[in-house]
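Engineer: To be precise about what I am sending: the file is called model_10.cif and holds mmCIF, C-alpha atoms.
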```cif
data_protein
loop_
_atom_site.label_atom_id
_atom_site.label_comp_id
_atom_site.auth_asym_id
_atom_site.auth_seq_id
_atom_site.Cartn_x
_atom_site.Cartn_y
_atom_site.Cartn_z
CA VAL A 1 109.46 107.31 53.26
CA ALA A 2 107.34 107.83 56.39
CA LEU A 3 110.34 108.46 58.63
CA ASN A 4 111.94 110.76 56.05
CA THR A 5 108.71 112.79 55.93
CA VAL A 6 108.63 113.19 59.72
CA TYR A 7 112.32 114.17 59.82
CA ALA A 8 111.83 116.62 56.94
CA PHE A 9 109.00 118.26 58.90
CA CYS A 10 111.22 118.50 61.99
CA ARG A 11 114.16 119.89 60.00
CA THR A 12 112.01 122.44 58.18
CA THR A 13 110.44 123.57 61.47
CA ASP A 14 113.90 124.00 63.02
CA ASP A 15 115.16 125.89 59.98
CA ILE A 16 112.46 128.55 60.32
CA VAL A 17 114.06 129.59 63.62
CA ASP A 18 117.73 128.78 62.93
CA ASN A 19 118.09 130.47 59.54
CA GLU A 20 119.20 134.08 59.37
CA GLY A 21 116.53 136.75 59.48
CA GLU A 22 114.59 139.10 61.71
CA LYS A 23 112.89 137.63 64.77
CA ASP A 24 109.50 139.18 63.88
CA ARG A 25 109.58 137.57 60.45
CA LYS A 26 110.41 134.18 61.96
CA VAL A 27 107.48 134.50 64.36
CA ILE A 28 105.17 135.18 61.40
CA LEU A 29 106.59 132.29 59.37
CA LEU A 30 106.22 129.91 62.30
CA GLN A 31 102.64 130.99 62.87
CA LYS A 32 101.86 130.39 59.20
CA TRP A 33 103.53 126.96 59.42
CA ARG A 34 101.27 126.13 62.39
CA ILE A 35 98.16 127.28 60.51
CA GLU A 36 99.15 125.33 57.39
CA LEU A 37 99.69 122.20 59.50
CA GLY A 38 96.10 122.55 60.70
CA LYS A 39 94.91 122.91 57.11
CA ALA A 40 96.88 119.84 56.06
CA LEU A 41 95.27 117.80 58.81
CA GLN A 42 91.82 118.94 57.66
CA ASN A 43 91.47 119.55 53.93
CA GLY A 44 94.92 120.26 52.56
CA SER A 45 97.76 122.77 52.73
CA GLU A 46 99.70 124.70 50.10
CA PHE A 47 102.79 122.87 51.46
CA GLN A 48 103.12 119.37 50.03
CA LEU A 49 105.36 118.30 52.90
CA LEU A 50 102.58 119.02 55.40
CA ASN A 51 100.07 117.14 53.27
CA GLN A 52 102.42 114.14 53.23
CA LEU A 53 102.85 114.46 56.99
CA ALA A 54 99.08 114.43 57.51
CA HIS A 55 98.86 111.23 55.42
CA ILE A 56 101.66 109.61 57.46
CA ALA A 57 100.01 110.66 60.73
CA ASP A 58 96.76 109.02 59.65
CA LYS A 59 98.43 105.87 58.34
CA PHE A 60 100.57 105.26 61.44
CA ASN A 61 98.18 106.75 63.99
CA ILE A 62 100.68 109.39 65.12
CA PRO A 63 99.08 111.80 67.64
CA VAL A 64 99.11 115.19 65.90
CA GLN A 65 99.78 116.90 69.24
CA HIS A 66 103.43 115.93 68.83
CA PHE A 67 103.71 118.03 65.65
CA TYR A 68 102.32 121.03 67.48
CA GLU A 69 104.61 120.35 70.45
CA LEU A 70 107.66 120.60 68.19
CA ILE A 71 106.46 123.91 66.75
CA GLU A 72 105.88 125.22 70.28
CA GLY A 73 109.36 124.10 71.28
CA VAL A 74 111.23 125.80 68.46
CA GLU A 75 109.11 128.89 69.02
CA MET A 76 110.52 129.03 72.55
CA ASP A 77 113.95 129.70 71.01
CA LEU A 78 112.52 132.92 69.60
CA MET A 79 110.84 133.98 72.84
CA LYS A 80 113.13 132.69 75.56
CA SER A 81 116.92 132.67 75.97
CA ARG A 82 117.15 131.79 79.69
CA TYR A 83 115.65 129.09 81.90
CA GLN A 84 115.22 129.72 85.60
CA THR A 85 114.68 126.12 86.71
CA PHE A 86 115.32 122.62 85.46
CA ASP A 87 111.57 122.01 85.26
CA GLU A 88 111.37 124.81 82.66
CA LEU A 89 114.30 123.34 80.73
CA LYS A 90 112.90 119.82 80.92
CA HIS A 91 109.65 121.04 79.37
CA TYR A 92 111.62 122.64 76.53
CA CYS A 93 113.58 119.41 76.00
CA TYR A 94 110.35 117.44 75.84
CA LEU A 95 108.89 119.79 73.23
CA VAL A 96 111.91 119.88 70.89
CA ALA A 97 113.23 116.34 71.31
CA SER A 98 110.84 113.93 73.05
CA SER A 99 108.10 114.97 70.65
CA VAL A 100 110.27 113.83 67.72
CA GLY A 101 110.89 110.47 69.35
CA LEU A 102 107.20 110.00 70.07
CA MET A 103 106.38 110.74 66.42
CA SER A 104 109.03 108.33 65.19
CA VAL A 105 108.37 105.27 67.34
CA LYS A 106 104.86 104.97 65.93
CA ILE A 107 106.47 104.32 62.54
CA PHE A 108 108.97 101.74 63.81
CA GLY A 109 106.26 99.24 64.68
CA SER A 110 104.59 98.05 67.84
CA ILE A 111 104.44 100.73 70.51
CA ASN A 112 103.47 100.33 74.13
CA GLU A 113 103.69 102.45 77.26
CA ARG A 114 107.28 101.30 77.87
CA ILE A 115 108.45 102.38 74.42
CA ALA A 116 106.65 105.71 74.75
CA LYS A 117 108.40 106.33 78.09
CA TYR A 118 111.71 105.35 76.47
CA ALA A 119 111.17 107.89 73.69
CA GLU A 120 110.25 110.62 76.16
CA ASN A 121 113.24 110.11 78.46
CA LEU A 122 115.68 109.53 75.61
CA GLY A 123 114.60 112.80 73.99
CA ILE A 124 115.36 114.68 77.21
CA ALA A 125 118.74 112.93 77.52
CA LEU A 126 119.71 113.74 73.92
CA GLN A 127 118.72 117.39 74.23
CA LEU A 128 120.57 117.80 77.52
CA THR A 129 123.65 116.34 75.83
CA ASN A 130 123.25 118.83 72.96
CA ILE A 131 123.00 121.68 75.45
CA LEU A 132 126.17 120.66 77.29
CA ARG A 133 128.06 120.12 74.05
CA ASP A 134 127.01 123.49 72.59
CA ILE A 135 127.36 125.84 75.59
CA LYS A 136 129.94 127.98 73.79
CA ALA A 137 128.09 128.10 70.45
CA ASP A 138 124.78 128.94 72.11
CA ALA A 139 126.38 131.74 74.14
CA LYS A 140 127.49 133.37 70.88
CA VAL A 141 123.81 133.88 69.99
CA ASN A 142 122.91 134.90 73.55
CA ARG A 143 121.28 131.61 74.51
CA ILE A 144 122.03 130.04 77.88
CA TYR A 145 120.13 126.84 78.46
CA LEU A 146 121.78 125.85 81.74
CA PRO A 147 119.21 126.62 84.46
CA GLN A 148 119.85 129.84 86.36
CA GLU A 149 119.27 127.98 89.62
CA ASP A 150 122.17 125.66 88.77
CA LEU A 151 124.51 128.54 87.90
CA HIS A 152 123.68 130.12 91.25
CA GLN A 153 124.14 126.83 93.12
CA PHE A 154 127.65 126.34 91.76
CA GLY A 155 128.77 129.97 91.88
CA TYR A 156 129.14 130.36 88.13
CA ASN A 157 127.65 133.25 86.17
CA GLU A 158 126.61 134.28 82.67
CA GLY A 159 129.61 136.56 82.21
CA GLU A 160 131.90 133.59 82.75
CA ILE A 161 129.96 131.60 80.14
CA PHE A 162 130.31 134.43 77.63
CA ASN A 163 134.06 134.59 78.35
CA SER A 164 134.53 130.80 78.31
CA VAL A 165 135.91 130.75 81.86
CA TYR A 166 137.01 127.22 82.74
CA ASN A 167 137.48 126.84 86.48
CA SER A 168 136.63 124.52 89.38
CA ASN A 169 133.12 125.94 89.73
CA PHE A 170 132.44 125.21 86.06
CA ILE A 171 133.78 121.66 86.44
CA ASP A 172 131.50 121.06 89.44
CA LEU A 173 128.56 122.49 87.50
CA MET A 174 129.28 120.25 84.52
CA LYS A 175 129.64 117.15 86.69
CA PHE A 176 126.18 117.87 88.03
CA GLU A 177 124.69 118.49 84.57
CA THR A 178 126.29 115.44 82.92
CA GLN A 179 125.05 113.22 85.75
CA ARG A 180 121.54 114.54 85.21
CA ALA A 181 121.76 113.72 81.50
CA GLU A 182 123.12 110.26 82.32
CA ASP A 183 120.18 109.70 84.67
CA TYR A 184 117.79 110.26 81.78
CA TYR A 185 119.69 107.81 79.56
CA ASN A 186 119.32 105.27 82.37
CA LEU A 187 115.61 106.03 82.80
CA ALA A 188 115.14 105.48 79.08
CA LYS A 189 116.96 102.15 79.06
CA GLU A 190 115.30 100.91 82.25
CA SER A 191 111.84 101.42 80.79
CA LEU A 192 112.38 98.75 78.10
CA ARG A 193 112.11 95.00 78.05
CA PRO A 194 114.39 92.98 75.76
CA GLU A 195 111.55 92.30 73.30
CA ASP A 196 110.99 96.04 72.81
CA LYS A 197 114.44 96.69 71.37
CA LYS A 198 113.73 95.08 67.99
CA TYR A 199 111.43 98.04 67.24
CA LEU A 200 114.03 100.65 68.16
CA PHE A 201 116.96 100.23 65.77
CA ALA A 202 117.34 103.93 64.85
CA PRO A 203 116.68 105.35 68.35
CA LYS A 204 119.17 102.94 69.92
CA ILE A 205 121.86 104.12 67.51
CA MET A 206 121.07 107.74 68.42
CA GLU A 207 121.22 106.77 72.09
CA ARG A 208 124.69 105.29 71.68
CA ILE A 209 126.10 108.15 69.62
CA TYR A 210 124.89 110.84 72.00
CA TYR A 211 125.90 108.87 75.07
CA HIS A 212 129.40 108.61 73.62
CA THR A 213 129.29 112.40 73.19
CA LEU A 214 128.51 112.71 76.90
CA LEU A 215 131.42 110.39 77.69
CA ARG A 216 133.64 112.55 75.47
CA ILE A 217 132.68 115.64 77.48
CA LYS A 218 133.52 113.85 80.73
CA GLY A 219 136.73 112.43 79.29
CA ASN A 220 137.93 115.92 78.36
CA ASP A 221 137.42 117.15 81.95
CA TYR A 222 134.23 118.97 80.92
CA ASN A 223 136.15 121.63 78.97
CA VAL A 224 133.59 122.22 76.23
CA TYR A 225 135.15 125.65 75.67
CA LYS A 226 138.48 124.34 74.43
CA LYS A 227 137.43 122.14 71.51
CA SER A 228 134.41 120.67 69.80
CA MET A 229 132.85 117.69 71.54
CA ARG A 230 131.08 116.48 68.41
CA LEU A 231 131.94 112.90 67.54
CA PRO A 232 133.83 112.46 64.24
CA HIS A 233 131.66 110.97 61.49
CA THR A 234 133.93 107.91 61.32
CA LEU A 235 133.31 107.19 65.00
CA GLN A 236 129.56 107.70 64.56
CA LEU A 237 129.59 105.20 61.70
CA LEU A 238 131.57 102.72 63.79
CA ILE A 239 129.07 103.00 66.64
CA ALA A 240 126.19 102.51 64.19
CA PHE A 241 127.91 99.50 62.59
CA LYS A 242 128.55 97.85 65.96
CA TYR A 243 124.91 98.23 66.91
CA LEU A 244 123.80 96.92 63.50
CA LEU A 245 125.72 93.71 64.18
CA LYS A 246 124.18 93.44 67.64
CA TYR A 247 120.72 94.17 66.21
CA ARG A 248 121.04 91.40 63.61
CA LEU A 249 122.15 88.94 66.27
CA MET A 250 119.19 90.02 68.39
CA LYS A 251 116.75 89.30 65.54
CA THR A 252 118.17 85.82 64.95
CA VAL A 253 117.75 84.77 68.59
#
```
The structure given in the file should be rewritten as structure tokens.

Structural biologist:
Amino acid sequence: VALNTVYAFCRTTDDIVDNEGEKDRKVILLQKWRIELGKALQNGSEFQLLNQLAHIADKFNIPVQHFYELIEGVEMDLMKSRYQTFDELKHYCYLVASSVGLMSVKIFGSINERIAKYAENLGIALQLTNILRDIKADAKVNRIYLPQEDLHQFGYNEGEIFNSVYNSNFIDLMKFETQRAEDYYNLAKESLRPEDKKYLFAPKIMERIYYHTLLRIKGNDYNVYKKSMRLPHTLQLLIAFKYLLKYRLMKTV
């Protein structure tokens, strides 16, 4: 129930921005959502979901800053469609993805500095994978998440993104970007000790599914323009099942 409440909050926050409608109206709705979150954390909101979230935050000692970080992150999608540097993009990834992980791990059980660092780096890795997978779809709504400094470095431009130009410069750019994402997966994994993993069943499944998505991008020569890089549901289930078996063996040791 606790995890479902957190995910429902995240999904509802995302939907405010992703659903159809005028930008100005979305800004107003998001601001009201932020205000109502504050009310829920104090005396009570008109939104039952936020009241439930406040109860969960208190019960599991979830820092409420992470809820506000997510709202700030999705708000960036209304205000910003380009990122000049990777540092800017990394901050966005932290807000929209690491924040969710940091909310969630408090519910899974014991949390320490290593697990918090895992959640932070994994969130960045997952969001970078999303960005690489969805370059074409994002361009259709005039969003380019790849840092402008990287486009310049590899001699690839926005017009080529909009026209789905697949060439050697794009391949070199994608090799660079996928390696960066892989580095964050490695940072996440390296932060853990074996005894930490028993608290991270759901995040480890997410890690495996998204890492396989990154491998799929690389295995298709980085041509995210040609076909969808989303993993079929059957493959996602297989990955989850394989980790479930490993997880059960881990708990019996």

Engineer: Write out as a VMD selection string which residues come within 6 Å of Tyr118 in chain A when counting only C-alpha atoms, dropping same-chain ones fewer than 3 positions away.

Structural biologist: chain A and resid 115 121 to 122 188 191

Engineer: My list of candidates is A:Phe60, A:Asn19, A:Gln65, A:Leu95. Which is closest to Gly38 in chain A when distances are computed with only C-alpha atoms?

Structural biologist: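 Among the listed residues, the smallest separation from Gly38 in chain A belongs to A:Gln65.
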
Engineer: Can you work out which one of A:Asp14, A:Val224, A:Tyr166, A:Thr85 has the shortest atom-to-atom distance to His152 in chain A, counting all atoms listed in the file?

Structural biologist: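 Between A:Asp14, A:Val224, A:Tyr166, A:Thr85, the residue approaching His152 in chain A most closely is A:Thr85.
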
Engineer: Of the residues A:Lys226, A:His91, A:Arg208, A:Lys218, which is the one nearest to Tyr185 in chain A, using only C-alpha atoms?

Structural biologist: A:Arg208

Engineer: Counting all atoms listed in the file, which residue out of A:Asp58, A:Asp138, A:Glu113, A:Glu190 sits closest to Glu158 in chain A?

Structural biologist: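 Using all atoms listed in the file, Glu158 in chain A sits closest to A:Asp138.
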
Engineer: For the structure shown, which residues end up in the PyMOL selection byres ((chain A and resi 162) around 9)? Put them as an NGL selection string, please?

Structural biologist: :A and (136 or 139-140 or 142 or 158-161 or 163-165)

Engineer: What are the centre and the three edge lengths of an axis-aligned box that wraps all atoms of range 115-127 of chain A in the file, given that 8 Å is added to every side, written as AutoDock Vina command-line options and rounded to one decimal in Å?

Structural biologist:
```
--center_x 113.2 --center_y 109.9 --center_z 76.1 --size_x 29.1 --size_y 31.0 --size_z 20.8
```

Engineer: I'd like the contact shell of Met174 in chain A - 9 Å cut-off, only C-alpha atoms, skipping same-chain residues fewer than 2 positions apart - returned as a ChimeraX atom specification.

Structural biologist: /A:132,169-172,176-179,218,222-223

Engineer: So how far away is CA of Val96 in chain A from CA of Ile56 in chain A, in Å?

Structural biologist: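 Atom-to-atom, CA of Ile56 in chain A to CA of Val96 in chain A, that is 19.8 Å.
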
Engineer: Distance CA of Thr5 in chain A-CA of Val105 in chain A, one decimal place?

Structural biologist: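 Computing it gives 13.7 Å between the two atoms.
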
Engineer: In Å, with one decimal, what is the gap from CA of Leu53 in chain A to CA of Leu102 in chain A?

Structural biologist: 14.5 Å

Engineer: Run the PyMOL selection byres ((chain A and resi 207) around 12) against the file shown and list the residues it catches, as a VMD selection string.

Structural biologist: chain A and resid 101 118 to 119 121 to 127 129 181 to 182 184 to 186 188 to 189 200 to 206 208 to 214 236 239 to 240 243

Engineer: Which residues are close to Gln31 in chain A, i.e. within 12 Å by all atoms listed in the file, leaving aside same-chain residues fewer than 6 positions away? Reply as an MDAnalysis selection string.

Structural biologist: chainID A and resid 13 16:17 24:25 37:38 68 71:72 74:75

Engineer: Using only C-alpha atoms, pick whichever of A:Tyr83, A:Tyr199, A:Trp33, A:Phe108 has the shortest atom-to-atom distance to Gln148 in chain A.

Structural biologist: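 Answer, going by the shortest atom-to-atom distance: A:Tyr83.
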
Engineer: Which is closer to Arg82 in chain A than all the others in A:Leu187, A:Ile144, A:Leu50, A:Ala116, using only C-alpha atoms?

Structural biologist: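 Among the listed residues, the smallest separation from Arg82 in chain A belongs to A:Ile144.
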